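To start, the structure itself, in structure tokens.
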Amino acid sequence: MSSFSNAQRADVLTQALPYIKSYRGKTVVIKYGGNAMIDEQLKAQVMEDIVLLWLIGVKVVLVHGGGPEINEMMERVGKEPNFVNGLRVTDEETIDLVQMVLAGKVNKSLVNLLQMNGGRAVGISGMDGRLIEAKVKDPQLGYVGEITNINIGIVTDMLREGYIPVVSTLGCDDQGNTYNINGDTAAAYIAGALNAERLIMMTDVAGILSDPSDPNTLITALTVSHAEFLQGTGIISGGMIPKVQCCIDAIDKGVSNVVIMDGRVPHSILMELLTDEGAGTMIQGAGNEN
């Protein structure tokens, strides 16, 4: 038996109504990765959240990585994954594997899951329509790309036709080279080009903590200037530094608010967008504080 009465369910839906009105017709970009992408139950819940948002009129763009799946494929063909400062060294053979896994297996499985839940989804990579143009980031990393331009037209076309675009983070250049693009960076650039209302960064941590060793010290909201201050004091450190910088870059490019949140929490997307409590840490640009 459910512990919720019909009256309680109705109350939850009523509380969500102002948020539904607020987000209807707006664009939300979701960067999807981490354990939420590995755990099959969490993955199913994320897809349900996205389809629900789509059904109430939110324009959702899903940007995904696939690091664990790439590692698995490399191991199957006898290649050892190699990282420098957190970035995958990507030689010519590896970029072929990355393209196969990201634009193929991972991308199409997510499209299929969204459609099984009643959504209309189309999977593309950053190479389609030259969505993500890139150049070599560092010669020692091989085919790891630095974004030089975003051609957002293919995404806006799909949104206009009522689809959920599912984007794998590959880029290309004029010479026909393919590049592995950092997922957080790609999501920030795409959200900026769309002037998205919200960018959601799904991670394996609760958000930004004032004491990184204490999960109860979650900072629920802060401004860009405060985030930069916390970087300077060392409170934001390690792998959170580039993630927060991507959030700041997204706001600089026109995104209203960015949220870093724990994708391991079931239905965290709905909690963030449709409840008073929200989820994770929201970084706000000047003039968006509320």
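Ligands are numbered from 1 in the order shown, residues from 1 within each chain, and chains are lettered A, B, ... in the order they appear in the structure tokens.
Residues in contact range of Gly142 (chain A), defined as at most 9 Å between only C-alpha atoms, with sequence neighbours fewer than 4 positions away removed, read Arg88, Val89, Thr90, Asp91, Glu92, Ile95, Val136, Lys137, Asp138 and Tyr179 of chain A.
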Residue set, region 170-265 of chain A restricted to alpha helix (DSSP H), as a VMD selection string: chain A and resid 183 to 193 224 to 233 240 to 252
Print the selection's residues with N, CA and C atoms to a file, as a JSON list (two decimals), in the first residue's frame.
```json
[["chain", "number", "residue", "atom", "x", "y", "z"],
["A", 183, "GLY", "N", 32.49, 16.80, -21.42],
["A", 183, "GLY", "CA", 31.04, 16.89, -21.39],
["A", 183, "GLY", "C", 30.52, 18.13, -20.70],
["A", 184, "ASP", "N", 31.13, 18.52, -19.59],
["A", 184, "ASP", "CA", 30.69, 19.71, -18.87],
["A", 184, "ASP", "C", 30.88, 20.96, -19.74],
["A", 185, "THR", "N", 32.02, 21.02, -20.42],
["A", 185, "THR", "CA", 32.30, 22.16, -21.28],
["A", 185, "THR", "C", 31.30, 22.23, -22.43],
["A", 186, "ALA", "N", 31.04, 21.09, -23.05],
["A", 186, "ALA", "CA", 30.09, 21.05, -24.16],
["A", 186, "ALA", "C", 28.71, 21.49, -23.71],
["A", 187, "ALA", "N", 28.27, 21.01, -22.55],
["A", 187, "ALA", "CA", 26.95, 21.37, -22.04],
["A", 187, "ALA", "C", 26.87, 22.87, -21.77],
["A", 188, "ALA", "N", 27.94, 23.45, -21.22],
["A", 188, "ALA", "CA", 27.96, 24.88, -20.94],
["A", 188, "ALA", "C", 27.84, 25.69, -22.22],
["A", 189, "TYR", "N", 28.59, 25.31, -23.25],
["A", 189, "TYR", "CA", 28.56, 26.04, -24.52],
["A", 189, "TYR", "C", 27.19, 25.91, -25.19],
["A", 190, "ILE", "N", 26.63, 24.69, -25.18],
["A", 190, "ILE", "CA", 25.33, 24.47, -25.81],
["A", 190, "ILE", "C", 24.24, 25.24, -25.06],
["A", 191, "ALA", "N", 24.26, 25.18, -23.74],
["A", 191, "ALA", "CA", 23.27, 25.92, -22.94],
["A", 191, "ALA", "C", 23.38, 27.42, -23.20],
["A", 192, "GLY", "N", 24.61, 27.91, -23.29],
["A", 192, "GLY", "CA", 24.81, 29.33, -23.57],
["A", 192, "GLY", "C", 24.27, 29.73, -24.93],
["A", 193, "ALA", "N", 24.53, 28.90, -25.93],
["A", 193, "ALA", "CA", 24.05, 29.20, -27.29],
["A", 193, "ALA", "C", 22.53, 29.18, -27.36],
["A", 224, "VAL", "N", 27.97, 34.15, -8.88],
["A", 224, "VAL", "CA", 29.23, 33.91, -9.58],
["A", 224, "VAL", "C", 30.40, 34.47, -8.79],
["A", 225, "SER", "N", 30.24, 35.68, -8.26],
["A", 225, "SER", "CA", 31.34, 36.31, -7.53],
["A", 225, "SER", "C", 31.67, 35.51, -6.27],
["A", 226, "HIS", "N", 30.64, 34.98, -5.60],
["A", 226, "HIS", "CA", 30.87, 34.16, -4.41],
["A", 226, "HIS", "C", 31.57, 32.85, -4.79],
["A", 227, "ALA", "N", 31.16, 32.26, -5.92],
["A", 227, "ALA", "CA", 31.80, 31.02, -6.39],
["A", 227, "ALA", "C", 33.28, 31.27, -6.68],
["A", 228, "GLU", "N", 33.57, 32.41, -7.29],
["A", 228, "GLU", "CA", 34.97, 32.74, -7.58],
["A", 228, "GLU", "C", 35.76, 32.96, -6.29],
["A", 229, "PHE", "N", 35.11, 33.56, -5.29],
["A", 229, "PHE", "CA", 35.75, 33.75, -3.99],
["A", 229, "PHE", "C", 36.07, 32.40, -3.35],
["A", 230, "LEU", "N", 35.12, 31.46, -3.41],
["A", 230, "LEU", "CA", 35.33, 30.14, -2.83],
["A", 230, "LEU", "C", 36.44, 29.37, -3.55],
["A", 231, "GLN", "N", 36.58, 29.61, -4.84],
["A", 231, "GLN", "CA", 37.70, 29.01, -5.57],
["A", 231, "GLN", "C", 39.01, 29.57, -5.04],
["A", 232, "GLY", "N", 39.04, 30.87, -4.81],
["A", 232, "GLY", "CA", 40.27, 31.51, -4.32],
["A", 232, "GLY", "C", 40.66, 31.07, -2.93],
["A", 233, "THR", "N", 39.66, 30.73, -2.10],
["A", 233, "THR", "CA", 39.96, 30.32, -0.73],
["A", 233, "THR", "C", 40.25, 28.82, -0.62],
["A", 240, "MET", "N", 36.10, 19.73, -8.55],
["A", 240, "MET", "CA", 34.98, 20.67, -8.57],
["A", 240, "MET", "C", 35.38, 21.99, -9.24],
["A", 241, "ILE", "N", 36.68, 22.29, -9.29],
["A", 241, "ILE", "CA", 37.13, 23.56, -9.89],
["A", 241, "ILE", "C", 36.72, 23.67, -11.36],
["A", 242, "PRO", "N", 37.08, 22.70, -12.22],
["A", 242, "PRO", "CA", 36.67, 22.84, -13.63],
["A", 242, "PRO", "C", 35.16, 22.78, -13.82],
["A", 243, "LYS", "N", 34.46, 22.03, -12.96],
["A", 243, "LYS", "CA", 33.00, 21.95, -13.09],
["A", 243, "LYS", "C", 32.36, 23.30, -12.77],
["A", 244, "VAL", "N", 32.82, 23.94, -11.70],
["A", 244, "VAL", "CA", 32.29, 25.26, -11.35],
["A", 244, "VAL", "C", 32.65, 26.28, -12.42],
["A", 245, "GLN", "N", 33.85, 26.18, -12.97],
["A", 245, "GLN", "CA", 34.25, 27.11, -14.02],
["A", 245, "GLN", "C", 33.35, 26.97, -15.25],
["A", 246, "CYS", "N", 32.95, 25.73, -15.57],
["A", 246, "CYS", "CA", 32.00, 25.52, -16.66],
["A", 246, "CYS", "C", 30.66, 26.19, -16.36],
["A", 247, "CYS", "N", 30.24, 26.12, -15.10],
["A", 247, "CYS", "CA", 28.99, 26.78, -14.69],
["A", 247, "CYS", "C", 29.09, 28.29, -14.88],
["A", 248, "ILE", "N", 30.22, 28.86, -14.46],
["A", 248, "ILE", "CA", 30.42, 30.30, -14.60],
["A", 248, "ILE", "C", 30.46, 30.69, -16.07],
["A", 249, "ASP", "N", 31.13, 29.87, -16.88],
["A", 249, "ASP", "CA", 31.19, 30.14, -18.33],
["A", 249, "ASP", "C", 29.79, 30.12, -18.94],
["A", 250, "ALA", "N", 28.95, 29.17, -18.50],
["A", 250, "ALA", "CA", 27.59, 29.07, -19.03],
["A", 250, "ALA", "C", 26.80, 30.34, -18.72],
["A", 251, "ILE", "N", 26.93, 30.84, -17.50],
["A", 251, "ILE", "CA", 26.24, 32.07, -17.11],
["A", 251, "ILE", "C", 26.76, 33.25, -17.92],
["A", 252, "ASP", "N", 28.08, 33.31, -18.12],
["A", 252, "ASP", "CA", 28.66, 34.37, -18.94],
["A", 252, "ASP", "C", 28.12, 34.33, -20.37]]
```
Please build the interface table for region 71-146 of chain A against region 153-174 of chain A with a cut-off of 6 Å, listing for each qualifying residue the nearest atom pair and the distance in Å to one decimal; count only C-alpha atoms, order rows by chain and increasing number, and write it as a tab-separated table.
```
residue	atom	partner	partner_atom	distance
A:Leu102	CA	A:Ser168	CA	5.7
A:Ala103	CA	A:Ser168	CA	5.7
A:Arg120	CA	A:Tyr163	CA	5.1
A:Ala121	CA	A:Ile164	CA	4.4
A:Val122	CA	A:Pro165	CA	5.2
A:Gly123	CA	A:Val166	CA	4.6
A:Ile124	CA	A:Val167	CA	5.1
A:Ser125	CA	A:Ser168	CA	4.5
A:Gly126	CA	A:Leu170	CA	4.8
A:Met127	CA	A:Gly171	CA	5.2
A:Ile132	CA	A:Gly171	CA	4.8
A:Glu133	CA	A:Cys172	CA	5.1
A:Ala134	CA	A:Cys172	CA	5.6
```
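Atom pair CA of Ile269 (chain A) / CA of Ala221 (chain A) has a distance of 16.2 Å (rounded to one decimal).
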Long-range neighbours of Arg24 (chain A) as an MDAnalysis selection string, 9 Å cut-off, only C-alpha atoms, 6 positions minimum in chain: chainID A and resid 53:54 56:59
Same residues, N, CA, C and O atoms, saved as a CSV table (one decimal), in the first residue's frame:
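Listed below is the output, selection06.csv:
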```
chain,number,residue,atom,x,y,z
A,53,LEU,N,9.1,16.3,-17.9
A,53,LEU,CA,9.3,17.7,-18.2
A,53,LEU,C,8.9,18.0,-19.6
A,53,LEU,O,8.3,19.1,-19.9
A,54,TRP,N,9.3,17.2,-20.6
A,54,TRP,CA,8.9,17.3,-22.0
A,54,TRP,C,7.4,17.4,-22.1
A,54,TRP,O,6.8,18.2,-22.9
A,56,ILE,N,5.1,18.4,-20.0
A,56,ILE,CA,4.5,19.6,-19.5
A,56,ILE,C,5.0,20.8,-20.3
A,56,ILE,O,4.7,22.0,-19.9
A,57,GLY,N,5.8,20.6,-21.4
A,57,GLY,CA,6.1,21.7,-22.2
A,57,GLY,C,7.5,22.3,-22.0
A,57,GLY,O,7.8,23.4,-22.6
A,58,VAL,N,8.3,21.7,-21.3
A,58,VAL,CA,9.7,22.2,-21.1
A,58,VAL,C,10.5,21.6,-22.3
A,58,VAL,O,10.4,20.5,-22.7
A,59,LYS,N,11.4,22.5,-22.9
A,59,LYS,CA,12.3,22.1,-24.0
A,59,LYS,C,13.6,21.6,-23.4
A,59,LYS,O,14.4,22.4,-22.9
```
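Note that the spacing between CA of Gln99 (chain A) and CA of Gly238 (chain A) amounts to 28.0 Å.
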Proximity to Gly33 (chain A) - best of A:Leu62, A:Ile150, A:Ile181, A:Ile219, only C-alpha atoms: A:Leu62
Need to verify the contact set: Ser256 (chain A), 9 Å, only C-alpha atoms, exclusion of same-chain residues closer than 2 positions in sequence. Can you return it as a tab-separated table (two decimals) with N, CA, C and O atoms, in the first residue's frame?
```
chain	number	residue	atom	x	y	z
A	195	ASN	N	20.65	30.17	-24.81
A	195	ASN	CA	20.15	31.08	-23.77
A	195	ASN	C	19.20	30.33	-22.83
A	195	ASN	O	18.09	30.79	-22.51
A	196	ALA	N	19.65	29.17	-22.38
A	196	ALA	CA	18.81	28.28	-21.58
A	196	ALA	C	18.42	28.93	-20.26
A	196	ALA	O	19.17	29.71	-19.67
A	197	GLU	N	17.24	28.58	-19.79
A	197	GLU	CA	16.77	29.04	-18.49
A	197	GLU	C	17.57	28.38	-17.37
A	197	GLU	O	17.84	29.00	-16.34
A	198	ARG	N	17.95	27.13	-17.58
A	198	ARG	CA	18.65	26.39	-16.54
A	198	ARG	C	19.58	25.36	-17.17
A	198	ARG	O	19.21	24.69	-18.13
A	199	LEU	N	20.78	25.26	-16.63
A	199	LEU	CA	21.70	24.17	-16.95
A	199	LEU	C	21.84	23.33	-15.69
A	199	LEU	O	22.15	23.86	-14.61
A	250	ALA	N	28.95	29.17	-18.50
A	250	ALA	CA	27.59	29.07	-19.03
A	250	ALA	C	26.80	30.34	-18.72
A	250	ALA	O	26.08	30.86	-19.57
A	251	ILE	N	26.93	30.84	-17.50
A	251	ILE	CA	26.24	32.07	-17.11
A	251	ILE	C	26.76	33.25	-17.92
A	251	ILE	O	25.99	34.09	-18.41
A	254	GLY	N	25.06	33.39	-21.19
A	254	GLY	CA	23.64	33.71	-21.29
A	254	GLY	C	22.69	32.80	-20.56
A	254	GLY	O	21.47	33.00	-20.62
A	258	VAL	N	22.61	27.94	-13.11
A	258	VAL	CA	23.21	26.62	-13.27
A	258	VAL	C	23.14	25.90	-11.93
A	258	VAL	O	23.40	26.50	-10.89
A	284	GLN	N	24.08	31.55	-9.58
A	284	GLN	CA	23.25	32.55	-10.24
A	284	GLN	C	24.10	33.71	-10.74
A	284	GLN	O	25.04	34.13	-10.06
A	285	GLY	N	23.71	34.20	-11.90
A	285	GLY	CA	24.36	35.39	-12.42
A	285	GLY	C	23.81	36.65	-11.77
A	285	GLY	O	22.80	36.61	-11.07
A	288	ASN	N	19.93	37.67	-11.15
A	288	ASN	CA	19.06	36.49	-11.10
A	288	ASN	C	18.86	35.98	-9.69
A	288	ASN	O	18.26	34.94	-9.49
```
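Candidate residues A:Ser5, A:Thr14, A:Thr281, A:Asn180 were compared for distance to Gly67 (chain A), and the nearest is A:Asn180, using only C-alpha atoms.
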Secondary structure check, strand (DSSP E or B) residues of region 74-284 of chain A, as a count of residues only: 55
Option closest in space to Met202 (chain A), from A:Ile30, A:Val111, A:Met116, A:Ile283 [counting only C-alpha atoms]: A:Ile30
Selection near Met74 (chain A), 12 Å with only C-alpha atoms, sequence-local residues under 3 positions removed, as number ranges by chain: A: 67-71, 77-82, 88, 90-91, 93-98, 100-101
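The interatomic distance for the pair CA of Leu270 (chain A) and CA of Ala7 (chain A) works out to 19.9 Å.
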Taking only residues of region 186-277 of chain A that have an atom at most 9 Å from an atom of region 15-20 of chain A, what is each one's shortest atom pair and its distance in Å to one decimal, using only C-alpha atoms, in chain and number order, as JSON lines?
```
{"residue": "A:Leu273", "atom": "CA", "partner": "A:Tyr19", "partner_atom": "CA", "distance": 6.9}
{"residue": "A:Leu274", "atom": "CA", "partner": "A:Ala16", "partner_atom": "CA", "distance": 5.1}
{"residue": "A:Thr275", "atom": "CA", "partner": "A:Ala16", "partner_atom": "CA", "distance": 6.1}
{"residue": "A:Asp276", "atom": "CA", "partner": "A:Gln15", "partner_atom": "CA", "distance": 8.3}
```
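Nearest to Pro212 (chain A) of all the residues A:Ile236, A:Val63, A:Leu114, A:Val265 is A:Ile236, based on only C-alpha atoms.
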Selected residue, from A:Leu218, A:Met37, A:Val205, A:Val12, that lies nearest to Asn107 (chain A) when counting only C-alpha atoms: A:Met37
Residue contacts of Gln45 (chain A) (9 Å, only C-alpha atoms) excluding same-chain residues fewer than 6 positions away, as an NGL selection string: :A and (36 or 266-267)
Residue selection dump (N, CA and C atoms) as a CSV table (one decimal), in the first residue's frame:
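Written output follows (result.csv):
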```csv
chain,number,residue,atom,x,y,z
A,36,ALA,N,24.7,8.2,-12.0
A,36,ALA,CA,23.3,8.2,-12.5
A,36,ALA,C,23.2,7.6,-13.9
A,266,PRO,N,17.4,9.8,-6.4
A,266,PRO,CA,16.3,9.5,-7.3
A,266,PRO,C,15.4,10.7,-7.6
A,267,HIS,N,15.1,10.9,-8.8
A,267,HIS,CA,14.2,12.0,-9.3
A,267,HIS,C,14.7,13.4,-8.9
```
